[in-house]
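A.B. asks: Structure file final25.pdb, PDB, N, CA and C atoms, is pasted below:
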```
ATOM      1  N   MET A  11       0.850  -1.172   0.000
ATOM      2  CA  MET A  11       0.000   0.000   0.000
ATOM      3  C   MET A  11       0.899   1.240   0.000
ATOM      4  N   PRO A  12       0.726   2.167  -0.932
ATOM      5  CA  PRO A  12       1.581   3.343  -0.998
ATOM      6  C   PRO A  12       1.361   4.289   0.180
ATOM      7  N   ALA A  13       2.435   4.980   0.564
ATOM      8  CA  ALA A  13       2.350   5.953   1.658
ATOM      9  C   ALA A  13       1.523   7.154   1.210
ATOM     10  N   GLU A  14       0.865   7.784   2.184
ATOM     11  CA  GLU A  14       0.112   8.992   1.886
ATOM     12  C   GLU A  14       1.068  10.089   1.439
ATOM     13  N   GLU A  15       0.595  10.970   0.578
ATOM     14  CA  GLU A  15       1.386  12.089   0.075
ATOM     15  C   GLU A  15       1.940  12.898   1.247
ATOM     16  N   GLY A  16       3.260  13.109   1.276
ATOM     17  CA  GLY A  16       3.894  13.925   2.297
ATOM     18  C   GLY A  16       4.099  13.250   3.636
ATOM     19  N   LYS A  17       3.692  11.994   3.766
ATOM     20  CA  LYS A  17       3.817  11.294   5.035
ATOM     21  C   LYS A  17       4.988  10.330   4.958
ATOM     22  N   MET A  18       5.762  10.272   6.042
ATOM     23  CA  MET A  18       6.899   9.363   6.090
ATOM     24  C   MET A  18       6.980   8.730   7.466
ATOM     25  N   THR A  19       7.838   7.745   7.585
ATOM     26  CA  THR A  19       8.067   7.072   8.848
ATOM     27  C   THR A  19       9.521   7.277   9.240
ATOM     28  N   ILE A  20       9.745   7.685  10.506
ATOM     29  CA  ILE A  20      11.105   7.844  11.003
ATOM     30  C   ILE A  20      11.222   7.160  12.362
ATOM     31  N   ARG A  21      12.451   6.999  12.845
ATOM     32  CA  ARG A  21      12.705   6.500  14.197
ATOM     33  C   ARG A  21      13.004   7.707  15.069
ATOM     34  N   TYR A  22      12.163   7.938  16.079
ATOM     35  CA  TYR A  22      12.330   9.071  16.983
ATOM     36  C   TYR A  22      12.396   8.543  18.406
ATOM     37  N   GLN A  23      13.510   8.786  19.067
ATOM     38  CA  GLN A  23      13.719   8.318  20.436
ATOM     39  C   GLN A  23      13.495   6.800  20.534
ATOM     40  N   GLY A  24      13.907   6.061  19.503
ATOM     41  CA  GLY A  24      13.799   4.612  19.513
ATOM     42  C   GLY A  24      12.451   4.052  19.098
ATOM     43  N   GLU A  25      11.501   4.921  18.800
ATOM     44  CA  GLU A  25      10.157   4.496  18.395
ATOM     45  C   GLU A  25       9.926   4.833  16.928
ATOM     46  N   THR A  26       9.177   4.007  16.235
ATOM     47  CA  THR A  26       8.793   4.306  14.860
ATOM     48  C   THR A  26       7.576   5.222  14.901
ATOM     49  N   VAL A  27       7.687   6.382  14.256
ATOM     50  CA  VAL A  27       6.589   7.357  14.255
ATOM     51  C   VAL A  27       6.331   7.855  12.841
ATOM     52  N   ASP A  28       5.096   8.252  12.587
ATOM     53  CA  ASP A  28       4.745   8.875  11.313
ATOM     54  C   ASP A  28       5.046  10.363  11.408
ATOM     55  N   ALA A  29       5.476  10.944  10.308
ATOM     56  CA  ALA A  29       5.802  12.365  10.287
ATOM     57  C   ALA A  29       5.372  12.984   8.968
ATOM     58  N   THR A  30       4.965  14.241   9.039
ATOM     59  CA  THR A  30       4.643  15.000   7.834
ATOM     60  C   THR A  30       5.502  16.259   7.737
ATOM     61  N   ALA A  31       6.301  16.526   8.773
ATOM     62  CA  ALA A  31       7.159  17.716   8.790
ATOM     63  C   ALA A  31       8.180  17.637   7.665
ATOM     64  N   LYS A  32       8.552  18.788   7.157
ATOM     65  CA  LYS A  32       9.540  18.848   6.081
ATOM     66  C   LYS A  32      10.961  19.017   6.607
ATOM     67  N   THR A  33      11.103  19.584   7.809
ATOM     68  CA  THR A  33      12.433  19.793   8.384
ATOM     69  C   THR A  33      12.494  19.226   9.798
ATOM     70  N   VAL A  34      13.719  19.017  10.272
ATOM     71  CA  VAL A  34      13.917  18.544  11.637
ATOM     72  C   VAL A  34      13.359  19.572  12.622
ATOM     73  N   ALA A  35      13.593  20.862  12.382
ATOM     74  CA  ALA A  35      13.081  21.916  13.267
ATOM     75  C   ALA A  35      11.556  21.868  13.367
ATOM     76  N   GLU A  36      10.886  21.691  12.251
ATOM     77  CA  GLU A  36       9.415  21.620  12.231
ATOM     78  C   GLU A  36       8.929  20.401  13.010
ATOM     79  N   PHE A  37       9.588  19.271  12.835
ATOM     80  CA  PHE A  37       9.234  18.042  13.536
ATOM     81  C   PHE A  37       9.370  18.229  15.049
ATOM     82  N   LEU A  38      10.502  18.792  15.478
ATOM     83  CA  LEU A  38      10.737  18.983  16.902
ATOM     84  C   LEU A  38       9.770  19.998  17.499
ATOM     85  N   SER A  39       9.500  21.067  16.789
ATOM     86  CA  SER A  39       8.564  22.080  17.255
ATOM     87  C   SER A  39       7.181  21.481  17.509
ATOM     88  N   ALA A  40       6.743  20.593  16.630
ATOM     89  CA  ALA A  40       5.442  19.948  16.775
ATOM     90  C   ALA A  40       5.375  19.074  18.027
ATOM     91  N   ARG A  41       6.549  18.683  18.540
ATOM     92  CA  ARG A  41       6.612  17.847  19.734
ATOM     93  C   ARG A  41       7.017  18.632  20.980
ATOM     94  N   GLY A  42       7.064  19.956  20.843
ATOM     95  CA  GLY A  42       7.365  20.795  21.987
ATOM     96  C   GLY A  42       8.828  20.796  22.409
ATOM     97  N   VAL A  43       9.717  20.410  21.506
ATOM     98  CA  VAL A  43      11.146  20.379  21.816
ATOM     99  C   VAL A  43      11.788  21.685  21.351
ATOM    100  N   ASP A  44      12.504  22.335  22.248
ATOM    101  CA  ASP A  44      13.225  23.564  21.927
ATOM    102  C   ASP A  44      14.666  23.200  21.574
ATOM    103  N   PRO A  45      15.059  23.282  20.288
ATOM    104  CA  PRO A  45      16.413  22.912  19.888
ATOM    105  C   PRO A  45      17.505  23.740  20.554
ATOM    106  N   ALA A  46      17.150  24.897  21.120
ATOM    107  CA  ALA A  46      18.127  25.718  21.830
ATOM    108  C   ALA A  46      18.536  25.076  23.156
ATOM    109  N   LYS A  47      17.728  24.113  23.612
ATOM    110  CA  LYS A  47      17.993  23.454  24.891
ATOM    111  C   LYS A  47      18.150  21.949  24.732
ATOM    112  N   ALA A  48      18.598  21.519  23.547
ATOM    113  CA  ALA A  48      18.724  20.081  23.311
ATOM    114  C   ALA A  48      19.891  19.781  22.381
ATOM    115  N   ILE A  49      20.451  18.612  22.576
ATOM    116  CA  ILE A  49      21.428  18.076  21.643
ATOM    117  C   ILE A  49      20.639  17.152  20.724
ATOM    118  N   VAL A  50      20.812  17.311  19.423
ATOM    119  CA  VAL A  50      20.047  16.538  18.454
ATOM    120  C   VAL A  50      20.997  15.661  17.647
ATOM    121  N   GLU A  51      20.672  14.373  17.578
ATOM    122  CA  GLU A  51      21.414  13.459  16.718
ATOM    123  C   GLU A  51      20.484  13.067  15.576
ATOM    124  N   TYR A  52      20.917  13.333  14.371
ATOM    125  CA  TYR A  52      20.089  13.066  13.196
ATOM    126  C   TYR A  52      20.977  12.529  12.079
ATOM    127  N   GLY A  53      20.638  11.362  11.603
ATOM    128  CA  GLY A  53      21.380  10.773  10.485
ATOM    129  C   GLY A  53      22.857  10.563  10.790
ATOM    130  N   GLY A  54      23.179  10.260  12.056
ATOM    131  CA  GLY A  54      24.559  10.015  12.428
ATOM    132  C   GLY A  54      25.368  11.270  12.733
ATOM    133  N   GLU A  55      24.757  12.436  12.605
ATOM    134  CA  GLU A  55      25.415  13.705  12.911
ATOM    135  C   GLU A  55      24.844  14.259  14.217
ATOM    136  N   VAL A  56      25.703  14.910  14.999
ATOM    137  CA  VAL A  56      25.280  15.502  16.258
ATOM    138  C   VAL A  56      25.261  17.024  16.102
ATOM    139  N   TYR A  57      24.153  17.625  16.543
ATOM    140  CA  TYR A  57      23.962  19.070  16.443
ATOM    141  C   TYR A  57      23.884  19.658  17.851
ATOM    142  N   ALA A  58      24.699  20.666  18.103
ATOM    143  CA  ALA A  58      24.765  21.312  19.414
ATOM    144  C   ALA A  58      23.491  22.096  19.697
ATOM    145  N   PRO A  59      23.218  22.347  20.970
ATOM    146  CA  PRO A  59      22.063  23.184  21.313
ATOM    147  C   PRO A  59      22.133  24.514  20.571
ATOM    148  N   GLY A  60      21.013  24.916  20.013
ATOM    149  CA  GLY A  60      20.945  26.177  19.284
ATOM    150  C   GLY A  60      21.310  26.077  17.808
ATOM    151  N   ALA A  61      21.699  24.889  17.348
ATOM    152  CA  ALA A  61      22.031  24.724  15.927
ATOM    153  C   ALA A  61      20.801  25.024  15.077
ATOM    154  N   ASP A  62      21.023  25.579  13.894
ATOM    155  CA  ASP A  62      19.919  25.889  12.980
ATOM    156  C   ASP A  62      19.489  24.610  12.269
ATOM    157  N   LEU A  63      18.346  24.087  12.658
ATOM    158  CA  LEU A  63      17.832  22.848  12.082
ATOM    159  C   LEU A  63      16.735  23.116  11.056
ATOM    160  N   SER A  64      16.491  24.392  10.751
ATOM    161  CA  SER A  64      15.398  24.755   9.853
ATOM    162  C   SER A  64      15.676  24.404   8.391
ATOM    163  N   SER A  65      16.925  24.204   8.046
ATOM    164  CA  SER A  65      17.237  23.829   6.656
ATOM    165  C   SER A  65      17.620  22.356   6.534
ATOM    166  N   LEU A  66      17.507  21.617   7.636
ATOM    167  CA  LEU A  66      17.837  20.200   7.642
ATOM    168  C   LEU A  66      16.589  19.391   7.297
ATOM    169  N   ALA A  67      16.552  18.865   6.077
ATOM    170  CA  ALA A  67      15.367  18.155   5.591
ATOM    171  C   ALA A  67      15.160  16.835   6.333
ATOM    172  N   LEU A  68      13.931  16.582   6.724
ATOM    173  CA  LEU A  68      13.544  15.312   7.336
ATOM    174  C   LEU A  68      13.264  14.331   6.207
ATOM    175  N   VAL A  69      13.876  13.152   6.275
ATOM    176  CA  VAL A  69      13.698  12.173   5.199
ATOM    177  C   VAL A  69      13.120  10.870   5.735
ATOM    178  N   ASP A  70      12.401  10.187   4.892
ATOM    179  CA  ASP A  70      11.781   8.912   5.237
ATOM    180  C   ASP A  70      12.844   7.919   5.687
ATOM    181  N   GLY A  71      12.582   7.241   6.789
ATOM    182  CA  GLY A  71      13.486   6.221   7.302
ATOM    183  C   GLY A  71      14.604   6.746   8.183
ATOM    184  N   ALA A  72      14.652   8.057   8.407
ATOM    185  CA  ALA A  72      15.721   8.660   9.206
ATOM    186  C   ALA A  72      15.579   8.297  10.677
ATOM    187  N   THR A  73      16.686   8.447  11.398
ATOM    188  CA  THR A  73      16.706   8.252  12.848
ATOM    189  C   THR A  73      17.010   9.590  13.508
ATOM    190  N   LEU A  74      16.205   9.936  14.498
ATOM    191  CA  LEU A  74      16.328  11.221  15.189
ATOM    192  C   LEU A  74      16.225  10.972  16.691
ATOM    193  N   ASP A  75      17.265  11.409  17.429
ATOM    194  CA  ASP A  75      17.269  11.302  18.878
ATOM    195  C   ASP A  75      17.551  12.670  19.467
ATOM    196  N   VAL A  76      16.900  12.959  20.591
ATOM    197  CA  VAL A  76      17.035  14.260  21.245
ATOM    198  C   VAL A  76      17.434  14.037  22.695
ATOM    199  N   PHE A  77      18.406  14.820  23.131
ATOM    200  CA  PHE A  77      18.868  14.775  24.507
ATOM    201  C   PHE A  77      18.646  16.161  25.089
ATOM    202  N   LYS A  78      17.691  16.284  26.008
ATOM    203  CA  LYS A  78      17.346  17.583  26.565
ATOM    204  C   LYS A  78      18.298  17.943  27.695
ATOM    205  N   LEU A  79      18.706  19.206  27.698
ATOM    206  CA  LEU A  79      19.578  19.703  28.741
ATOM    207  C   LEU A  79      18.735  20.237  29.881
ATOM    208  N   THR A  80      19.128  19.901  31.095
ATOM    209  CA  THR A  80      18.420  20.390  32.270
ATOM    210  C   THR A  80      19.438  20.903  33.276
ATOM    211  N   ALA A  81      19.020  21.849  34.050
ATOM    212  CA  ALA A  81      19.874  22.386  35.101
ATOM    213  C   ALA A  81      19.573  21.639  36.396
ATOM    214  N   GLY A  82      20.572  21.448  37.189
ATOM    215  CA  GLY A  82      20.370  20.761  38.453
ATOM    216  C   GLY A  82      21.165  21.430  39.542
ATOM    217  N   GLY A  83      20.959  20.979  40.713
ATOM    218  CA  GLY A  83      21.683  21.608  41.804
ATOM    219  C   GLY A  83      21.971  20.649  42.911
TER     220      GLY A  83
END
```
As structure tokens - that is how I would like this structure written.

C.D. replies:
Amino acid sequence: MPAEEGKMTIRYQGETVDATAKTVAEFLSARGVDPAKAIVEYGGEVYAPGADLSSLALVDGATLDVFKLTAGG
């Protein structure tokens, strides 16, 4: 059965999820993740907190993991 137009499947935090976002930034925003406060691993590359992910295209079958930074005391 063919995939719906614009819909893809990716691995996010170890889970298979459906996505329609065109960029990594759009995908993360839809999930309430602030890239300024997270380390993002996408396609084997690691992006520092605050990296510009708006031009990083989300592709079918990709793997995306997010590590949120928190302050402690």

A.B. asks: Could you jot down the atom CA of Lys32 of chain A to atom CA of Leu79 of chain A separation for me, Å, one decimal place?

C.D. replies: 24.8 Å

A.B. asks: My list of candidates is A:Ala31, A:Gly82, A:Gln23, A:Ala40. Which is closest to Val69 of chain A when distances are computed with all atoms listed in the file?

C.D. replies: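 Looking only at the distances to Val69 of chain A, the closest residue turns out to be A:Ala31.
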
A.B. asks: Check the DSSP output for the backbone and give back, as an MDAnalysis selection string, the residues of chain A in strand (DSSP E).

C.D. replies: chainID A and resid 18:22 25:29 48:52 55:57 73:78

A.B. asks: Point out the residue among A:Val34, A:Tyr22, A:Val27, A:Phe77 with the least atom-to-atom distance to Lys47 of chain A, counting only C-alpha atoms.

C.D. replies: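 Distance minimum relative to Lys47 of chain A lands on A:Phe77.
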
A.B. asks: So which one's closest to Leu74 of chain A, A:Val50, A:Val43, A:Val56, A:Ala61? Using all atoms listed in the file, please.

C.D. replies: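 Selected residue with least distance to Leu74 of chain A: A:Val50.
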
A.B. asks: Could you tell me which residues the PyMOL selection byres (((chain A and resi 65 and name CA) around 9) and name CA) grabs in this file, written as a short mmCIF file (atom, residue, chain, number, x, y, z; two decimals) with N, CA and C atoms, in the frame of the given file?

C.D. replies:
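Generated output (result.cif):
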```cif
data_model
loop_
_atom_site.label_atom_id
_atom_site.label_comp_id
_atom_site.auth_asym_id
_atom_site.auth_seq_id
_atom_site.Cartn_x
_atom_site.Cartn_y
_atom_site.Cartn_z
N THR A 33 11.10 19.58 7.81
CA THR A 33 12.43 19.79 8.38
C THR A 33 12.49 19.23 9.80
N VAL A 34 13.72 19.02 10.27
CA VAL A 34 13.92 18.54 11.64
C VAL A 34 13.36 19.57 12.62
N ALA A 35 13.59 20.86 12.38
CA ALA A 35 13.08 21.92 13.27
C ALA A 35 11.56 21.87 13.37
N ASP A 62 21.02 25.58 13.89
CA ASP A 62 19.92 25.89 12.98
C ASP A 62 19.49 24.61 12.27
N LEU A 63 18.35 24.09 12.66
CA LEU A 63 17.83 22.85 12.08
C LEU A 63 16.74 23.12 11.06
N SER A 64 16.49 24.39 10.75
CA SER A 64 15.40 24.76 9.85
C SER A 64 15.68 24.40 8.39
N LEU A 66 17.51 21.62 7.64
CA LEU A 66 17.84 20.20 7.64
C LEU A 66 16.59 19.39 7.30
N ALA A 67 16.55 18.86 6.08
CA ALA A 67 15.37 18.16 5.59
C ALA A 67 15.16 16.84 6.33
#
```

A.B. asks: Please, which residues are within 8 Å of (7.3, 14.7, 2.5) by the file's coordinates, counting all atoms listed in the file, and could they come as a VMD selection string?

C.D. replies: chain A and resid 14 to 18 29 to 32 68 to 70

A.B. asks: Measure the distance from atom N of Ile49 of chain A to atom N of Thr19 of chain A in Å and round it to one decimal.

C.D. replies: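 One can read the atom N of Ile49 of chain A to atom N of Thr19 of chain A distance as 22.4 Å.
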
A.B. asks: Would you please give, as a PyMOL selection string, all residues of chain A that DSSP assigns to helix (DSSP H, G or I) based on the backbone?

C.D. replies: chain A and resi 34-40+45-47

A.B. asks: Those selected residues, please, written with N, CA and C atoms and delivered as a PDB file, in the frame of the given file.

C.D. replies:
```pdb
ATOM      1  N   VAL A  34      13.719  19.017  10.272  1.00  0.00           N
ATOM      2  CA  VAL A  34      13.917  18.544  11.637  1.00  0.00           C
ATOM      3  C   VAL A  34      13.359  19.572  12.622  1.00  0.00           C
ATOM      4  N   ALA A  35      13.593  20.862  12.382  1.00  0.00           N
ATOM      5  CA  ALA A  35      13.081  21.916  13.267  1.00  0.00           C
ATOM      6  C   ALA A  35      11.556  21.868  13.367  1.00  0.00           C
ATOM      7  N   GLU A  36      10.886  21.691  12.251  1.00  0.00           N
ATOM      8  CA  GLU A  36       9.415  21.620  12.231  1.00  0.00           C
ATOM      9  C   GLU A  36       8.929  20.401  13.010  1.00  0.00           C
ATOM     10  N   PHE A  37       9.588  19.271  12.835  1.00  0.00           N
ATOM     11  CA  PHE A  37       9.234  18.042  13.536  1.00  0.00           C
ATOM     12  C   PHE A  37       9.370  18.229  15.049  1.00  0.00           C
ATOM     13  N   LEU A  38      10.502  18.792  15.478  1.00  0.00           N
ATOM     14  CA  LEU A  38      10.737  18.983  16.902  1.00  0.00           C
ATOM     15  C   LEU A  38       9.770  19.998  17.499  1.00  0.00           C
ATOM     16  N   SER A  39       9.500  21.067  16.789  1.00  0.00           N
ATOM     17  CA  SER A  39       8.564  22.080  17.255  1.00  0.00           C
ATOM     18  C   SER A  39       7.181  21.481  17.509  1.00  0.00           C
ATOM     19  N   ALA A  40       6.743  20.593  16.630  1.00  0.00           N
ATOM     20  CA  ALA A  40       5.442  19.948  16.775  1.00  0.00           C
ATOM     21  C   ALA A  40       5.375  19.074  18.027  1.00  0.00           C
ATOM     22  N   PRO A  45      15.059  23.282  20.288  1.00  0.00           N
ATOM     23  CA  PRO A  45      16.413  22.912  19.888  1.00  0.00           C
ATOM     24  C   PRO A  45      17.505  23.740  20.554  1.00  0.00           C
ATOM     25  N   ALA A  46      17.150  24.897  21.120  1.00  0.00           N
ATOM     26  CA  ALA A  46      18.127  25.718  21.830  1.00  0.00           C
ATOM     27  C   ALA A  46      18.536  25.076  23.156  1.00  0.00           C
ATOM     28  N   LYS A  47      17.728  24.113  23.612  1.00  0.00           N
ATOM     29  CA  LYS A  47      17.993  23.454  24.891  1.00  0.00           C
ATOM     30  C   LYS A  47      18.150  21.949  24.732  1.00  0.00           C
TER      31      LYS A  47
END
```

A.B. asks: Can you give me, as a ChimeraX atom specification, the residues this file yields under the PyMOL selection byres ((chain A and resi 53) around 8)?

C.D. replies: /A:50-52,54-56,72-75

A.B. asks: As an exercise, work out the distance from atom N of Ile20 of chain A to atom CA of Thr80 of chain A in Å and give it to one decimal place.

C.D. replies: 26.7 Å

A.B. asks: Here is a test: counting all atoms listed in the file, which residue of A:Tyr57, A:Gly71, A:Ala81, A:Val76 is nearest to Arg21 of chain A?

C.D. replies: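 Selected residue with least distance to Arg21 of chain A: A:Gly71.
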
A.B. asks: Edge lengths and centre in Å to one decimal, as lines of an AutoDock Vina configuration file, of the axis-aligned box that encloses all listed atoms of segment 48-55 of chain A with 6 Å added on every side?

C.D. replies:
```
center_x = 22.0
center_y = 15.8
center_z = 17.0
size_x = 18.8
size_y = 23.5
size_z = 25.1
```

A.B. asks: Step by step: locate segment 39-66 of chain A in the block above, keep N, CA and C atoms, then write the file as a CSV table (one decimal), in the first residue's frame.

C.D. replies:
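Output contents, as saved in selection27.csv:
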```csv
chain,number,residue,atom,x,y,z
A,39,SER,N,9.5,21.1,16.8
A,39,SER,CA,8.6,22.1,17.3
A,39,SER,C,7.2,21.5,17.5
A,40,ALA,N,6.7,20.6,16.6
A,40,ALA,CA,5.4,19.9,16.8
A,40,ALA,C,5.4,19.1,18.0
A,41,ARG,N,6.5,18.7,18.5
A,41,ARG,CA,6.6,17.8,19.7
A,41,ARG,C,7.0,18.6,21.0
A,42,GLY,N,7.1,20.0,20.8
A,42,GLY,CA,7.4,20.8,22.0
A,42,GLY,C,8.8,20.8,22.4
A,43,VAL,N,9.7,20.4,21.5
A,43,VAL,CA,11.1,20.4,21.8
A,43,VAL,C,11.8,21.7,21.4
A,44,ASP,N,12.5,22.3,22.2
A,44,ASP,CA,13.2,23.6,21.9
A,44,ASP,C,14.7,23.2,21.6
A,45,PRO,N,15.1,23.3,20.3
A,45,PRO,CA,16.4,22.9,19.9
A,45,PRO,C,17.5,23.7,20.6
A,46,ALA,N,17.1,24.9,21.1
A,46,ALA,CA,18.1,25.7,21.8
A,46,ALA,C,18.5,25.1,23.2
A,47,LYS,N,17.7,24.1,23.6
A,47,LYS,CA,18.0,23.5,24.9
A,47,LYS,C,18.1,21.9,24.7
A,48,ALA,N,18.6,21.5,23.5
A,48,ALA,CA,18.7,20.1,23.3
A,48,ALA,C,19.9,19.8,22.4
A,49,ILE,N,20.5,18.6,22.6
A,49,ILE,CA,21.4,18.1,21.6
A,49,ILE,C,20.6,17.2,20.7
A,50,VAL,N,20.8,17.3,19.4
A,50,VAL,CA,20.0,16.5,18.5
A,50,VAL,C,21.0,15.7,17.6
A,51,GLU,N,20.7,14.4,17.6
A,51,GLU,CA,21.4,13.5,16.7
A,51,GLU,C,20.5,13.1,15.6
A,52,TYR,N,20.9,13.3,14.4
A,52,TYR,CA,20.1,13.1,13.2
A,52,TYR,C,21.0,12.5,12.1
A,53,GLY,N,20.6,11.4,11.6
A,53,GLY,CA,21.4,10.8,10.5
A,53,GLY,C,22.9,10.6,10.8
A,54,GLY,N,23.2,10.3,12.1
A,54,GLY,CA,24.6,10.0,12.4
A,54,GLY,C,25.4,11.3,12.7
A,55,GLU,N,24.8,12.4,12.6
A,55,GLU,CA,25.4,13.7,12.9
A,55,GLU,C,24.8,14.3,14.2
A,56,VAL,N,25.7,14.9,15.0
A,56,VAL,CA,25.3,15.5,16.3
A,56,VAL,C,25.3,17.0,16.1
A,57,TYR,N,24.2,17.6,16.5
A,57,TYR,CA,24.0,19.1,16.4
A,57,TYR,C,23.9,19.7,17.9
A,58,ALA,N,24.7,20.7,18.1
A,58,ALA,CA,24.8,21.3,19.4
A,58,ALA,C,23.5,22.1,19.7
A,59,PRO,N,23.2,22.3,21.0
A,59,PRO,CA,22.1,23.2,21.3
A,59,PRO,C,22.1,24.5,20.6
A,60,GLY,N,21.0,24.9,20.0
A,60,GLY,CA,20.9,26.2,19.3
A,60,GLY,C,21.3,26.1,17.8
A,61,ALA,N,21.7,24.9,17.3
A,61,ALA,CA,22.0,24.7,15.9
A,61,ALA,C,20.8,25.0,15.1
A,62,ASP,N,21.0,25.6,13.9
A,62,ASP,CA,19.9,25.9,13.0
A,62,ASP,C,19.5,24.6,12.3
A,63,LEU,N,18.3,24.1,12.7
A,63,LEU,CA,17.8,22.8,12.1
A,63,LEU,C,16.7,23.1,11.1
A,64,SER,N,16.5,24.4,10.8
A,64,SER,CA,15.4,24.8,9.9
A,64,SER,C,15.7,24.4,8.4
A,65,SER,N,16.9,24.2,8.0
A,65,SER,CA,17.2,23.8,6.7
A,65,SER,C,17.6,22.4,6.5
A,66,LEU,N,17.5,21.6,7.6
A,66,LEU,CA,17.8,20.2,7.6
A,66,LEU,C,16.6,19.4,7.3
```
